[in-house]
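A.B. asks: Provided below: start_28.pdb, containing PDB, C-alpha atoms, pLDDT in the B column.
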```pdb
ATOM      1  CA  MET A1186      15.875  11.844 -12.973  1.00 48.00           C
ATOM      2  CA  LEU A1187      18.310  14.408 -11.697  1.00 51.00           C
ATOM      3  CA  SER A1188      21.910  13.802 -10.744  1.00 53.00           C
ATOM      4  CA  GLY A1189      22.180  11.623  -7.662  1.00 54.00           C
ATOM      5  CA  GLU A1190      18.567  10.432  -7.807  1.00 60.00           C
ATOM      6  CA  LYS A1191      17.663   6.794  -7.577  1.00 60.00           C
ATOM      7  CA  GLY A1192      15.246   5.138  -9.926  1.00 63.00           C
ATOM      8  CA  ARG A1193      13.631   1.781 -10.109  1.00 62.00           C
ATOM      9  CA  ALA A1194      11.670  -0.193 -12.623  1.00 66.00           C
ATOM     10  CA  LYS A1195       9.559  -3.261 -12.170  1.00 64.00           C
ATOM     11  CA  ILE A1196      10.152  -5.646 -15.051  1.00 67.00           C
ATOM     12  CA  THR A1197       7.537  -8.342 -15.001  1.00 65.00           C
ATOM     13  CA  GLY A1198       8.492 -10.653 -17.834  1.00 68.00           C
ATOM     14  CA  ALA A1199      11.362 -12.199 -19.699  1.00 72.00           C
ATOM     15  CA  GLY A1200      12.739 -10.319 -22.682  1.00 78.00           C
ATOM     16  CA  THR A1201      15.294  -7.786 -23.840  1.00 84.00           C
ATOM     17  CA  TYR A1202      15.173  -4.377 -22.201  1.00 80.00           C
ATOM     18  CA  TYR A1203      17.046  -1.244 -23.231  1.00 82.00           C
ATOM     19  CA  ILE A1204      18.110   1.420 -20.745  1.00 80.00           C
ATOM     20  CA  ILE A1205      18.731   4.896 -22.105  1.00 80.00           C
ATOM     21  CA  VAL A1206      20.962   7.272 -20.170  1.00 79.00           C
ATOM     22  CA  ASP A1207      21.013  10.896 -21.244  1.00 78.00           C
ATOM     23  CA  ALA A1208      22.606  14.087 -19.953  1.00 76.00           C
ATOM     24  CA  LEU A1209      20.503  16.494 -17.923  1.00 75.00           C
ATOM     25  CA  VAL A1210      22.078  19.415 -19.766  1.00 80.00           C
ATOM     26  CA  PRO A1211      22.485  18.931 -23.531  1.00 81.00           C
ATOM     27  CA  GLY A1212      26.104  18.656 -24.642  1.00 81.00           C
ATOM     28  CA  THR A1213      27.512  17.710 -21.230  1.00 82.00           C
ATOM     29  CA  ILE A1214      29.628  14.640 -20.710  1.00 81.00           C
ATOM     30  CA  GLY A1215      29.963  12.782 -17.440  1.00 78.00           C
ATOM     31  CA  THR A1216      29.922   9.439 -15.756  1.00 79.00           C
ATOM     32  CA  PHE A1217      27.188   7.511 -14.057  1.00 75.00           C
ATOM     33  CA  ASP A1218      26.786   4.415 -11.939  1.00 77.00           C
ATOM     34  CA  MET A1219      24.089   1.868 -12.590  1.00 76.00           C
ATOM     35  CA  LEU A1220      23.199  -1.104 -10.438  1.00 71.00           C
ATOM     36  CA  ILE A1221      20.900  -3.727 -11.877  1.00 71.00           C
ATOM     37  CA  GLN A1222      19.676  -6.338  -9.443  1.00 64.00           C
ATOM     38  CA  SER A1223      17.575  -9.384  -9.770  1.00 61.00           C
ATOM     39  CA  ALA A1224      14.882  -8.811  -7.222  1.00 60.00           C
ATOM     40  CA  ALA A1225      13.308 -11.300  -4.918  1.00 64.00           C
ATOM     41  CA  ALA A1226       9.609 -11.930  -5.133  1.00 69.00           C
ATOM     42  CA  ALA A1227       7.171  -9.075  -4.618  1.00 72.00           C
ATOM     43  CA  PRO A1228       5.668  -8.846  -1.121  1.00 75.00           C
ATOM     44  CA  ALA A1229       2.537 -10.757  -0.186  1.00 75.00           C
ATOM     45  CA  GLY A1230      -0.429  -8.616  -1.076  1.00 76.00           C
ATOM     46  CA  ASP A1231       1.319  -6.819  -3.952  1.00 75.00           C
ATOM     47  CA  GLU A1232      -1.601  -7.483  -6.260  1.00 72.00           C
ATOM     48  CA  CYS A1233      -5.309  -7.431  -5.604  1.00 71.00           C
ATOM     49  CA  PRO A1234      -7.057  -9.218  -3.914  1.00 67.00           C
ATOM     50  CA  GLY A1235      -4.225  -9.186  -1.390  1.00 72.00           C
ATOM     51  CA  ALA A1236      -2.925 -11.194   1.519  1.00 82.00           C
ATOM     52  CA  GLN A1237      -5.125 -12.213   4.422  1.00 85.00           C
ATOM     53  CA  LEU A1238      -4.977 -10.348   7.750  1.00 87.00           C
ATOM     54  CA  GLN A1239      -5.676 -12.089  11.029  1.00 88.00           C
ATOM     55  CA  MET A1240      -7.115 -10.284  14.028  1.00 87.00           C
ATOM     56  CA  GLY A1241      -4.339  -9.494  16.532  1.00 90.00           C
ATOM     57  CA  VAL A1242      -1.519 -10.911  14.396  1.00 92.00           C
ATOM     58  CA  PRO A1243       0.991  -8.255  13.232  1.00 92.00           C
ATOM     59  CA  VAL A1244       2.310  -8.259   9.667  1.00 91.00           C
ATOM     60  CA  THR A1245       5.773  -6.871   8.914  1.00 91.00           C
ATOM     61  CA  ALA A1246       6.664  -6.301   5.257  1.00 88.00           C
ATOM     62  CA  SER A1247       8.283  -3.909   2.797  1.00 86.00           C
ATOM     63  CA  LEU A1248       6.998  -2.013  -0.219  1.00 86.00           C
ATOM     64  CA  GLU A1249      10.361  -2.222  -1.983  1.00 82.00           C
ATOM     65  CA  LEU A1250       9.257  -4.592  -4.745  1.00 80.00           C
ATOM     66  CA  ALA A1251       5.572  -3.683  -4.757  1.00 82.00           C
ATOM     67  CA  GLY A1252       3.919  -2.220  -7.823  1.00 78.00           C
ATOM     68  CA  ASP A1253       1.499   0.696  -8.144  1.00 76.00           C
ATOM     69  CA  ASP A1254      -1.759  -1.018  -8.914  1.00 72.00           C
ATOM     70  CA  ILE A1255      -4.335   1.617  -8.059  1.00 72.00           C
ATOM     71  CA  GLN A1256      -4.670   5.373  -7.507  1.00 72.00           C
ATOM     72  CA  LEU A1257      -6.197   5.922  -4.067  1.00 74.00           C
ATOM     73  CA  PRO A1258      -8.286   8.891  -2.870  1.00 75.00           C
ATOM     74  CA  CYS A1259      -5.813   9.847  -0.120  1.00 77.00           C
ATOM     75  CA  ASN A1260      -2.569   9.775  -2.070  1.00 74.00           C
ATOM     76  CA  THR A1261      -2.169  12.286  -4.885  1.00 70.00           C
ATOM     77  CA  TRP A1262       1.161  11.145  -6.334  1.00 72.00           C
ATOM     78  CA  LYS A1263       1.195   8.529  -9.043  1.00 73.00           C
ATOM     79  CA  GLY A1264       3.631   5.668  -8.886  1.00 75.00           C
ATOM     80  CA  ALA A1265       3.151   4.938  -5.180  1.00 80.00           C
ATOM     81  CA  PRO A1266       3.853   1.253  -4.526  1.00 85.00           C
ATOM     82  CA  ASP A1267       1.019  -0.383  -2.619  1.00 85.00           C
ATOM     83  CA  VAL A1268       0.097  -3.633  -0.922  1.00 87.00           C
ATOM     84  CA  TYR A1269      -3.342  -5.007  -0.182  1.00 85.00           C
ATOM     85  CA  TYR A1270      -4.648  -6.946   2.775  1.00 89.00           C
ATOM     86  CA  THR A1271      -8.114  -8.385   3.273  1.00 85.00           C
ATOM     87  CA  PHE A1272      -9.986  -9.534   6.334  1.00 84.00           C
ATOM     88  CA  THR A1273     -13.342 -11.281   6.328  1.00 80.00           C
ATOM     89  CA  ASN A1274     -15.065 -11.527   9.676  1.00 77.00           C
ATOM     90  CA  THR A1275     -16.125 -15.121  10.178  1.00 76.00           C
ATOM     91  CA  GLY A1276     -16.599 -14.821  13.939  1.00 72.00           C
ATOM     92  CA  ARG A1277     -18.683 -12.668  16.242  1.00 73.00           C
ATOM     93  CA  PRO A1278     -20.015  -9.284  15.059  1.00 72.00           C
ATOM     94  CA  LEU A1279     -17.415  -6.526  15.289  1.00 73.00           C
ATOM     95  CA  LYS A1280     -18.243  -3.439  17.342  1.00 76.00           C
ATOM     96  CA  GLY A1281     -15.139  -1.723  16.051  1.00 80.00           C
ATOM     97  CA  VAL A1282     -11.828  -2.460  14.441  1.00 85.00           C
ATOM     98  CA  THR A1283      -8.465  -0.643  14.368  1.00 91.00           C
ATOM     99  CA  PHE A1284      -5.871  -0.864  11.602  1.00 93.00           C
ATOM    100  CA  SER A1285      -2.511   0.605  12.623  1.00 95.00           C
ATOM    101  CA  THR A1286       1.088   1.039  11.444  1.00 95.00           C
ATOM    102  CA  CYS A1287       2.002   2.927  14.668  1.00 95.00           C
ATOM    103  CA  PHE A1288       4.846   0.625  15.666  1.00 93.00           C
ATOM    104  CA  ALA A1289       8.651   0.699  15.818  1.00 91.00           C
ATOM    105  CA  GLY A1290       8.657  -1.731  12.882  1.00 89.00           C
ATOM    106  CA  THR A1291       7.316   1.017  10.585  1.00 93.00           C
ATOM    107  CA  THR A1292      10.273   2.938   9.177  1.00 91.00           C
ATOM    108  CA  PHE A1293       8.643   5.271   6.620  1.00 90.00           C
ATOM    109  CA  ASP A1294       5.646   7.609   6.357  1.00 91.00           C
ATOM    110  CA  THR A1295       2.570   5.478   5.618  1.00 91.00           C
ATOM    111  CA  ILE A1296      -0.942   6.095   4.342  1.00 91.00           C
ATOM    112  CA  LEU A1297      -3.655   3.574   5.203  1.00 91.00           C
ATOM    113  CA  THR A1298      -6.860   3.336   3.193  1.00 87.00           C
ATOM    114  CA  VAL A1299      -9.744   1.080   4.231  1.00 86.00           C
ATOM    115  CA  PHE A1300     -12.603  -0.126   2.076  1.00 80.00           C
ATOM    116  CA  LEU A1301     -15.615  -2.157   3.119  1.00 76.00           C
ATOM    117  CA  LEU A1302     -16.504  -4.598   0.392  1.00 69.00           C
ATOM    118  CA  VAL A1303     -20.225  -4.248  -0.140  1.00 62.00           C
ATOM    119  CA  ARG A1304     -20.766  -6.786  -2.886  1.00 55.00           C
ATOM    120  CA  GLY A1305     -21.593 -10.392  -2.150  1.00 54.00           C
ATOM    121  CA  SER A1306     -18.206 -11.668  -3.280  1.00 55.00           C
ATOM    122  CA  PHE A1307     -14.777 -10.103  -3.425  1.00 55.00           C
ATOM    123  CA  THR A1308     -14.113  -8.183  -6.636  1.00 62.00           C
ATOM    124  CA  CYS A1309     -11.023  -6.067  -7.162  1.00 66.00           C
ATOM    125  CA  PRO A1310     -11.986  -2.493  -8.053  1.00 60.00           C
ATOM    126  CA  THR A1311     -11.270  -1.621 -11.660  1.00 55.00           C
ATOM    127  CA  ASP A1312     -12.323   2.025 -11.762  1.00 52.00           C
ATOM    128  CA  SER A1313     -12.813   5.018  -9.474  1.00 52.00           C
ATOM    129  CA  SER A1314     -16.597   4.570  -9.200  1.00 56.00           C
ATOM    130  CA  GLN A1315     -16.043   1.230  -7.490  1.00 59.00           C
ATOM    131  CA  LEU A1316     -13.455   2.814  -5.222  1.00 57.00           C
ATOM    132  CA  LEU A1317     -15.846   5.537  -4.115  1.00 55.00           C
ATOM    133  CA  GLN A1318     -18.673   3.094  -3.518  1.00 57.00           C
ATOM    134  CA  GLU A1319     -16.587   0.959  -1.178  1.00 71.00           C
ATOM    135  CA  TYR A1320     -14.221   3.573   0.238  1.00 70.00           C
ATOM    136  CA  LEU A1321     -14.540   4.142   3.985  1.00 77.00           C
ATOM    137  CA  ILE A1322     -11.624   6.212   5.227  1.00 85.00           C
ATOM    138  CA  CYS A1323      -7.927   6.925   4.908  1.00 88.00           C
ATOM    139  CA  ASN A1324      -5.287   8.299   7.243  1.00 91.00           C
ATOM    140  CA  ASP A1325      -1.849   9.842   6.942  1.00 90.00           C
ATOM    141  CA  ASP A1326      -0.005  10.774  10.163  1.00 90.00           C
ATOM    142  CA  TYR A1327      -2.344   9.686  12.960  1.00 92.00           C
ATOM    143  CA  GLU A1328      -2.260  12.056  15.948  1.00 92.00           C
ATOM    144  CA  GLY A1329       0.348  10.949  18.481  1.00 92.00           C
ATOM    145  CA  CYS A1330       1.779   8.461  16.006  1.00 91.00           C
ATOM    146  CA  GLY A1331       4.316  10.539  14.081  1.00 90.00           C
ATOM    147  CA  THR A1332       4.259   9.738  10.383  1.00 90.00           C
ATOM    148  CA  SER A1333       2.568   6.376  10.870  1.00 92.00           C
ATOM    149  CA  SER A1334      -1.116   5.806  10.235  1.00 93.00           C
ATOM    150  CA  GLN A1335      -4.051   4.435  12.160  1.00 93.00           C
ATOM    151  CA  ILE A1336      -7.731   4.025  11.401  1.00 91.00           C
ATOM    152  CA  ASP A1337     -10.301   3.392  14.112  1.00 89.00           C
ATOM    153  CA  LEU A1338     -13.627   2.193  12.748  1.00 83.00           C
ATOM    154  CA  SER A1339     -16.706   1.932  14.918  1.00 75.00           C
ATOM    155  CA  ILE A1340     -18.943   0.167  12.467  1.00 65.00           C
ATOM    156  CA  LEU A1341     -21.233  -2.627  13.512  1.00 54.00           C
ATOM    157  CA  ARG A1342     -20.621  -5.423  11.059  1.00 61.00           C
ATOM    158  CA  GLY A1343     -21.523  -9.066  11.333  1.00 64.00           C
ATOM    159  CA  ARG A1344     -20.166 -12.257   9.932  1.00 66.00           C
ATOM    160  CA  GLY A1345     -19.130 -12.091   6.316  1.00 69.00           C
ATOM    161  CA  SER A1346     -18.044  -8.416   6.390  1.00 73.00           C
ATOM    162  CA  THR A1347     -14.860  -7.991   4.364  1.00 77.00           C
ATOM    163  CA  PHE A1348     -12.411  -5.125   4.820  1.00 80.00           C
ATOM    164  CA  TRP A1349      -9.755  -4.269   2.268  1.00 82.00           C
ATOM    165  CA  VAL A1350      -6.723  -2.350   3.602  1.00 88.00           C
ATOM    166  CA  VAL A1351      -4.158  -0.689   1.322  1.00 87.00           C
ATOM    167  CA  ILE A1352      -0.779   0.628   2.497  1.00 89.00           C
ATOM    168  CA  GLU A1353       1.220   3.175   0.502  1.00 88.00           C
ATOM    169  CA  PRO A1354       4.086   5.540   1.325  1.00 89.00           C
ATOM    170  CA  ALA A1355       2.948   9.138   1.826  1.00 86.00           C
ATOM    171  CA  ASP A1356       6.135  10.628   0.448  1.00 80.00           C
ATOM    172  CA  PRO A1357       7.334   9.953  -3.116  1.00 75.00           C
ATOM    173  CA  ASN A1358      10.926  10.161  -1.833  1.00 77.00           C
ATOM    174  CA  ALA A1359      10.392   7.695   1.021  1.00 76.00           C
ATOM    175  CA  ASP A1360      12.931   4.938   1.515  1.00 77.00           C
ATOM    176  CA  ILE A1361      10.547   2.077   0.814  1.00 78.00           C
ATOM    177  CA  SER A1362      13.322  -0.454   1.361  1.00 78.00           C
ATOM    178  CA  GLY A1363      12.335  -0.057   5.011  1.00 83.00           C
ATOM    179  CA  THR A1364       9.474  -1.921   6.603  1.00 89.00           C
ATOM    180  CA  PHE A1365       5.987  -1.333   7.870  1.00 91.00           C
ATOM    181  CA  GLU A1366       4.218  -3.177  10.644  1.00 94.00           C
ATOM    182  CA  LEU A1367       0.448  -3.512  10.334  1.00 94.00           C
ATOM    183  CA  LEU A1368      -1.828  -4.730  13.105  1.00 93.00           C
ATOM    184  CA  MET A1369      -5.595  -5.180  13.065  1.00 91.00           C
ATOM    185  CA  LYS A1370      -7.354  -5.407  16.421  1.00 89.00           C
ATOM    186  CA  ASP A1371     -10.885  -5.126  17.753  1.00 82.00           C
TER     187      ASP A1371
END
```
Represent the structure from my file as structure tokens, please.

C.D. replies:
Amino acid sequence: MLSGEKGRAKITGAGTYYIIVDALVPGTIGTFDMLIQSAAAAPAGDECPGAQLQMGVPVTASLELAGDDIQLPCNTWKGAPDVYYTFTNTGRPLKGVTFSTCFAGTTFDTILTVFLLVRGSFTCPTDSSQLLQEYLICNDDYEGCGTSSQIDLSILRGRGSTFWVVIEPADPNADISGTFELLMKD
């Protein structure tokens, strides 16, 4: 990291960890500040299979403590924290569904990616071939929505259809301590 940059690390287990601080320019001497915090729990949906979405019920969360679990087709930078949400239609057939972060509660540039799970039971993708098989669409900066995202699907799907929605920041320098608001509606 360069001078003045922030860094973060997700430490997932107990143990001894060593932090190495080095000068950007060899032979230089200076000072640095380091803040080490014990973090709260990761957000719901941090790991696959994800948290459940409910039709018409908004979710407000943060990516601050989320890990980078998967490389998505729409986001080219590695290390993007992501959260997963799933929705299985148990009611009437859907004529269309909208997933949106276009709300005042979204404070950073988001990317939404939607997958339709085509297998009989939910299985978290483990490689890119599974991603491509199930991948439907992604969006960054929906028209009229600023840097927020929205996906409008007009797919006829009946009972038992499962959607998997992933939210990531579009910008590697985004302040992910902010929040996003996600709403699914038909």

A.B. asks: Applied to this file, what does the PyMOL selection byres ((chain A and resi 1322) around 6) return in terms of residues, put as an NGL selection string?

C.D. replies: :A and (1298-1299 or 1321 or 1323)

A.B. asks: With only C-alpha atoms as the basis for distance, which of A:Cys1259, A:Ile1221, A:Gly1230, A:Ser1339 is at the shortest distance from Tyr1202 (chain A)?

C.D. replies: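 Ranking A:Cys1259, A:Ile1221, A:Gly1230, A:Ser1339 by distance to Tyr1202 (chain A), first place goes to A:Ile1221.
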
A.B. asks: I'd like to see the residues matched by the PyMOL selection byres ((chain A and resi 1371) around 10) on this file, and ideally I'd get them as a VMD selection string.

C.D. replies: chain A and resid 1240 to 1241 1279 to 1284 1337 to 1339 1369 to 1370

A.B. asks: Just give me the gap between CA of Val1244 (chain A) and CA of Leu1297 (chain A) in Å, one decimal is fine.

C.D. replies: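 About the pair CA of Val1244 (chain A) and CA of Leu1297 (chain A): they are 14.0 Å apart.
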
A.B. asks: Quick check, in Å to one decimal: how far apart do CA of Val1351 (chain A) and CA of Ala1289 (chain A) lie?

C.D. replies: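 Spanning CA of Val1351 (chain A) to CA of Ala1289 (chain A) is a straight-line distance of 19.4 Å.
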
A.B. asks: Separation of CA of Asp1267 (chain A) and CA of Asp1231 (chain A), in Å?

C.D. replies: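 Result for CA of Asp1267 (chain A) versus CA of Asp1231 (chain A): 6.6 Å, one decimal.
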
A.B. asks: So which one's closest to Gln1239 (chain A), A:Ile1352, A:Leu1367, A:Val1268, A:Gln1335? Using all atoms listed in the file, please.

C.D. replies: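 Residue with the minimum atom-to-atom distance to Gln1239 (chain A): A:Leu1367.
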
A.B. asks: Using the chain letters and numbers from the file, give me the residues hit by the PyMOL selection byres ((chain A and resi 1365) around 6), as a PyMOL selection string.

C.D. replies: chain A and resi 1245-1246+1290-1291+1364+1366

A.B. asks: So which one's closest to Glu1353 (chain A), A:Ile1214, A:Leu1368, A:Ile1336, A:Ile1296? Using all atoms listed in the file, please.

C.D. replies: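 The shortest atom-to-atom distance to Glu1353 (chain A) comes from A:Ile1296.
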
A.B. asks: Select, from A:Thr1261, A:Asn1324, A:Asn1274, A:Ser1333, the residue with the minimum atom-to-atom distance to Ser1346 (chain A), counting only C-alpha atoms.

C.D. replies: A:Asn1274

A.B. asks: Just give me the residues with any atom within 7 Å of (-5.2, -7.2, 2.6), file coordinates, counting only C-alpha atoms, written as an MDAnalysis selection string.

C.D. replies: chainID A and resid 1230 1235:1238 1269:1272 1349:1351

A.B. asks: Find the residue from A:Asp1325, A:Glu1232, A:Phe1293, A:Thr1332 that sits nearest to Pro1258 (chain A); use only C-alpha atoms when measuring.

C.D. replies: A:Asp1325

A.B. asks: Which is closest to Thr1292 (chain A) among A:Gly1212, A:Pro1228, A:Gly1331, A:Pro1357, if we use all atoms listed in the file?

C.D. replies: A:Gly1331

A.B. asks: Which polymer residues have any atom within 8 Å of an atom of Ser1362 (chain A), counting only C-alpha atoms, with same-chain residues fewer than 4 positions away left out, as a list of chain:residue names?

C.D. replies: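 In the requested format, the answer is A:Ser1247, A:Leu1248, A:Glu1249.
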